[in-house]
Every structure is written in structure tokens, then in C-alpha cells.
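For reference, structure-v2.cif is printed below; it contains mmCIF, C-alpha atoms.
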```cif
data_structure
#
loop_
_atom_site.label_atom_id
_atom_site.label_comp_id
_atom_site.auth_asym_id
_atom_site.auth_seq_id
_atom_site.Cartn_x
_atom_site.Cartn_y
_atom_site.Cartn_z
CA MET K 208 0.00 0.00 0.00
CA LYS K 209 1.37 3.34 -1.04
CA ARG K 210 1.05 6.32 1.27
CA ARG K 211 -0.58 9.37 -0.13
CA PRO K 212 -0.23 12.27 2.37
CA TRP K 213 -1.83 14.76 0.02
CA LEU K 214 -4.99 12.67 -0.02
CA ALA K 215 -5.23 12.72 3.78
CA GLY K 216 -4.78 16.52 3.75
CA LEU K 217 -7.46 16.91 1.11
CA ILE K 218 -9.91 14.80 3.08
CA ALA K 219 -9.19 16.79 6.27
CA PHE K 220 -9.68 20.06 4.38
CA VAL K 221 -13.00 18.94 2.91
CA LEU K 222 -14.24 17.80 6.32
CA VAL K 223 -13.25 21.06 8.06
CA VAL K 224 -14.73 23.28 5.35
CA GLY K 225 -17.84 21.14 5.06
CA ILE K 226 -18.50 20.98 8.79
CA GLY K 227 -17.73 24.69 9.22
CA GLY K 228 -20.05 25.62 6.37
CA MET K 229 -22.82 23.51 7.83
CA ALA K 230 -22.33 25.14 11.23
CA VAL K 231 -22.64 28.63 9.71
CA ALA K 232 -25.72 27.58 7.75
CA ALA K 233 -27.29 26.01 10.82
CA GLN K 234 -26.62 29.14 12.90
CA SER K 235 -28.39 31.41 10.43
CA ILE K 236 -31.37 29.08 10.38
CA LEU K 237 -31.66 28.41 14.13
CA VAL K 238 -30.91 31.86 15.58
CA ASP K 239 -33.87 34.20 15.89
CA GLU K 240 -32.78 37.80 15.94
CA PRO K 241 -34.77 39.93 18.36
CA GLU K 242 -36.65 42.86 16.91
CA PRO K 243 -34.98 46.19 17.61
CA GLU K 244 -36.52 48.38 20.28
CA PRO K 245 -38.01 51.69 19.23
CA GLY K 246 -35.41 54.43 19.22
CA LEU K 247 -32.97 56.11 16.94
CA VAL K 248 -31.85 53.99 14.01
CA ALA K 249 -28.84 54.93 11.91
CA ASP K 250 -29.98 53.18 8.74
CA GLY K 251 -32.87 55.60 8.10
CA THR K 252 -35.73 53.18 8.76
CA ASP K 253 -39.02 54.58 10.00
CA ILE K 254 -39.85 54.16 13.65
CA GLU K 255 -43.31 54.22 15.14
CA PHE K 256 -43.84 55.52 18.64
CA ALA K 257 -46.93 54.93 20.74
CA ILE K 258 -47.91 57.87 22.92
CA ASP K 259 -50.33 57.27 25.76
CA GLU K 260 -52.94 60.00 25.95
CA PRO K 261 -53.66 61.12 29.53
CA THR K 262 -57.14 60.48 30.83
CA LYS K 263 -59.34 63.08 32.51
CA ASP K 264 -58.59 61.71 35.96
CA ALA K 265 -54.85 61.44 35.43
CA LYS K 266 -52.74 63.33 37.96
CA PRO K 267 -49.25 64.57 37.13
CA GLU K 268 -46.48 62.56 38.69
CA ALA K 269 -44.10 64.33 41.07
CA ASP K 270 -40.72 65.07 39.54
CA PRO K 271 -38.15 64.26 42.27
CA VAL K 272 -35.55 66.56 40.70
CA LYS K 273 -37.93 69.47 40.07
CA ASP K 274 -39.67 69.18 43.45
CA GLU K 275 -36.45 68.78 45.44
CA VAL K 276 -35.96 71.35 48.20
CA VAL K 277 -32.54 72.95 48.16
CA LYS K 278 -31.09 73.70 51.58
CA ASP K 279 -28.77 76.63 52.17
CA GLU K 280 -25.62 75.11 53.60
CA LYS K 281 -22.63 77.10 54.76
CA PRO K 282 -19.20 75.83 53.68
CA ASP K 283 -16.72 74.61 56.31
CA GLU K 284 -13.86 76.57 54.74
CA GLU K 285 -13.39 80.26 54.00
CA PRO K 286 -14.97 80.98 50.59
CA VAL K 287 -12.75 81.83 47.64
CA LYS K 288 -13.39 85.12 45.91
CA VAL K 289 -15.09 84.65 42.59
CA GLU K 290 -15.53 87.12 39.79
CA LYS K 291 -18.91 88.79 39.73
CA ASP K 292 -20.50 90.90 37.07
CA GLU K 293 -21.28 94.37 38.29
CA PRO K 294 -24.95 95.26 37.94
CA VAL K 295 -25.73 97.03 34.68
CA SER K 296 -28.77 98.96 35.86
CA ASP K 297 -28.75 101.92 38.25
CA GLU K 298 -32.53 101.71 38.64
CA LYS K 299 -33.87 101.84 42.18
CA ASP K 300 -37.27 101.08 43.61
CA ASP K 301 -38.21 104.46 45.10
CA SER K 302 -41.46 103.06 46.51
CA VAL K 303 -39.56 101.08 49.19
CA GLY K 304 -38.36 104.17 51.05
CA ASP K 305 -34.56 103.77 51.40
CA VAL K 306 -33.10 105.60 48.42
CA THR K 307 -29.92 106.85 50.11
CA PRO K 308 -26.75 105.21 48.79
CA PRO K 309 -24.39 103.76 51.38
CA GLU K 310 -21.43 105.90 52.43
CA LEU K 311 -18.30 104.34 50.91
CA VAL K 312 -14.95 105.46 52.35
CA ILE K 313 -11.49 104.27 51.24
CA THR K 314 -9.14 104.45 54.25
CA TYR K 315 -6.02 102.94 52.67
CA PRO K 316 -4.13 103.82 50.54
CA GLU K 317 -4.50 107.58 50.24
CA ASP K 318 -5.35 109.01 46.83
CA GLY K 319 -2.11 109.57 44.86
CA ALA K 320 -0.01 107.23 47.04
CA VAL K 321 3.08 105.73 45.39
CA VAL K 322 3.60 102.02 46.03
CA ASP K 323 6.31 99.67 44.79
CA THR K 324 4.48 96.37 45.28
CA LYS K 325 2.63 94.24 42.77
CA THR K 326 -0.37 93.73 45.06
CA ILE K 327 -1.99 96.01 47.60
CA THR K 328 -4.71 95.55 50.18
CA PHE K 329 -7.29 98.31 49.96
CA THR K 330 -9.33 98.98 53.11
CA GLY K 331 -12.30 101.13 53.95
CA GLU K 332 -15.65 101.54 55.63
CA VAL K 333 -19.20 101.13 54.38
CA GLU K 334 -22.71 100.88 55.80
CA PRO K 335 -23.00 97.59 57.76
CA GLY K 336 -24.68 94.86 55.68
CA SER K 337 -23.46 96.33 52.38
CA GLU K 338 -21.26 94.57 49.85
CA VAL K 339 -18.21 96.12 48.18
CA ILE K 340 -17.01 95.07 44.72
CA ALA K 341 -13.82 96.05 42.87
CA ALA K 342 -12.48 94.67 39.58
CA GLY K 343 -15.22 92.03 39.61
CA TYR K 344 -14.24 90.69 43.06
CA GLU K 345 -16.19 91.00 46.29
CA ALA K 346 -14.37 92.52 49.27
CA ASP K 347 -14.50 91.01 52.75
CA VAL K 348 -16.91 93.13 54.83
CA ASP K 349 -17.27 92.57 58.58
CA GLU K 350 -20.39 93.21 60.70
CA ALA K 351 -19.24 96.75 61.53
CA GLY K 352 -18.88 97.64 57.84
CA ASN K 353 -15.06 97.53 57.66
CA TRP K 354 -13.95 96.09 54.32
CA SER K 355 -10.71 94.96 52.68
CA ILE K 356 -9.71 93.52 49.34
CA LYS K 357 -6.34 92.59 47.84
CA LEU K 358 -5.86 93.61 44.21
CA ILE K 359 -3.04 93.23 41.70
CA LEU K 360 -1.60 96.46 40.32
CA SER K 361 -0.29 97.12 36.82
CA PRO K 362 3.09 98.86 36.45
CA GLY K 363 2.62 102.64 36.48
CA GLY K 364 -0.46 104.51 37.66
CA ASN K 365 -3.60 102.64 38.66
CA THR K 366 -7.12 103.76 39.48
CA ALA K 367 -9.11 101.39 41.66
CA THR K 368 -12.88 101.89 41.54
CA PHE K 369 -15.08 100.43 44.27
CA TYR K 370 -18.85 99.88 44.15
CA ALA K 371 -20.91 99.52 47.34
CA TYR K 372 -24.46 98.13 47.37
CA ASP K 373 -26.62 98.33 50.49
CA THR K 374 -29.43 95.93 51.37
CA ALA K 375 -31.98 98.19 49.61
CA GLY K 376 -29.98 97.98 46.36
CA ASN K 377 -28.64 101.54 46.49
CA LYS K 378 -25.22 102.05 44.92
CA ALA K 379 -22.21 104.19 45.84
CA ILE K 380 -18.95 104.57 43.89
CA ALA K 381 -15.51 105.62 45.14
CA SER K 382 -12.10 105.62 43.42
CA VAL K 383 -8.48 106.01 44.45
CA LYS K 384 -5.35 106.50 42.32
CA VAL K 385 -2.14 104.72 43.26
#
```
Whole structure given in C-alpha cells:
Amino acid sequence: MKRRPWLAGLIAFVLVVGIGGMAVAAQSILVDEPEPEPGLVADGTDIEFAIDEPTKDAKPEADPVKDEVVKDEKPDEEPVKVEKDEPVSDEKDDSVGDVTPPELVITYPEDGAVVDTKTITFTGEVEPGSEVIAAGYEADVDEAGNWSIKLILSPGGNTATFYAYDTAGNKAIASVKV
């Protein structure tokens, strides 16, 4: 008997290809593909949506996000100054009664002072309960109305302008050149 290795290889090849082909054919016949759920389809097919119409007696469901009560919590750490937009309008509600702007005084530095530092802490006094803003930053104001704010200076002359707003919304402006 003569050995024919090529014949054994051919038979093995035919068996592998034949069995593999049958497995692929069987898979496509036996596997049921689930229908796609309604939603967005990239191939451009039409999708039908069913919308339930509310009945007369239907009550709106509570939205947990919309109906959530927000509590005012104070931070454990000292707050960081954030930039604030200065109010655009100078309109006041004269019907309330308090139309007098708060007195805004700059105590340091004096107008025209010459400084050789890059930053300077401006200090002053204002009506207690007011807020003071300069260069978009809010100054620290204590209960007595003493305020301070550290600002960065540009080389050369600088004019720092401060805006004070009292609890009635009245506005005062003061400036100092350094």
C-alpha cells in the first residue's frame, strides 16, 4: 500500500470546510434575531412611537428633581473670591423708602499714594450689611462695615474703583489713584 499524504490533507480540508459551512448555515437558520426596540436607528428606517394619551382623571407625577428642596448650607472653609459681574442697571425702587446710597470710604491707601508692590490691600468703611465690589471681586466686609480687598496692580499709575451696594440695592462709587 502506497502512502498518499496529500490525499489525507485533502480529506481533512474537505471535512473542516464542510462541517464549518454547515455550522454557519445552521446558525443562520436556528438563531432568531430579536426585533430592535423603538429608538434612533442609523440606517434611516421609520420608527413608530406609541404615545399614551392622559385620561381626565390622570394626575401629574411628582418630579423628584424638580420638586427637590434645596437647603442653604454654609461651607466649612473660607470661601474663595469669585468674579462677579457688576450690575448694569442703576434703577432703584423708590417706593420702598430707602433711596440713600451707602457711604463708601477708602481708608487705605490715600489718593495719589506711590507704592512699589505688585499687590496692595485696599481697606475702607461702608454701611454695615453692604457689599463692596472692585475689579469684579467681592471685598471682605465685617459686621461693623469695615472692608478689605487685595488687588493686583499694573506697572505705572492705577485707578481702583469700588462699588458699594446696600441691602436696599442703592449704589455708591468711590475711586483712588495709586
Checklist entry - Any idea what the distance is between CA of Asn353 in chain K and CA of Asp305 in chain K? => result 21.4 Å
Checklist entry - range 328-340 of chain K: which residues within 12 Å, counting all atoms listed in the file, same-chain residues fewer than 4 positions away excluded, as an MDAnalysis selection string? => result chainID K and resid 288:294 307:318 320 322 324 344:360 366:385
Item to check | Between CA of Ala342 in chain K and CA of Gly364 in chain K - distance in Å to one decimal | outcome: 15.7 Å
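For the pair CA of Gly343 in chain K and CA of Gly304 in chain K, the separation is 28.5 Å.
Across K:Leu217, K:Ala341, K:Asn365, K:Val306, the tightest approach to Val321 in chain K is made by K:Asn365 when counting only C-alpha atoms.
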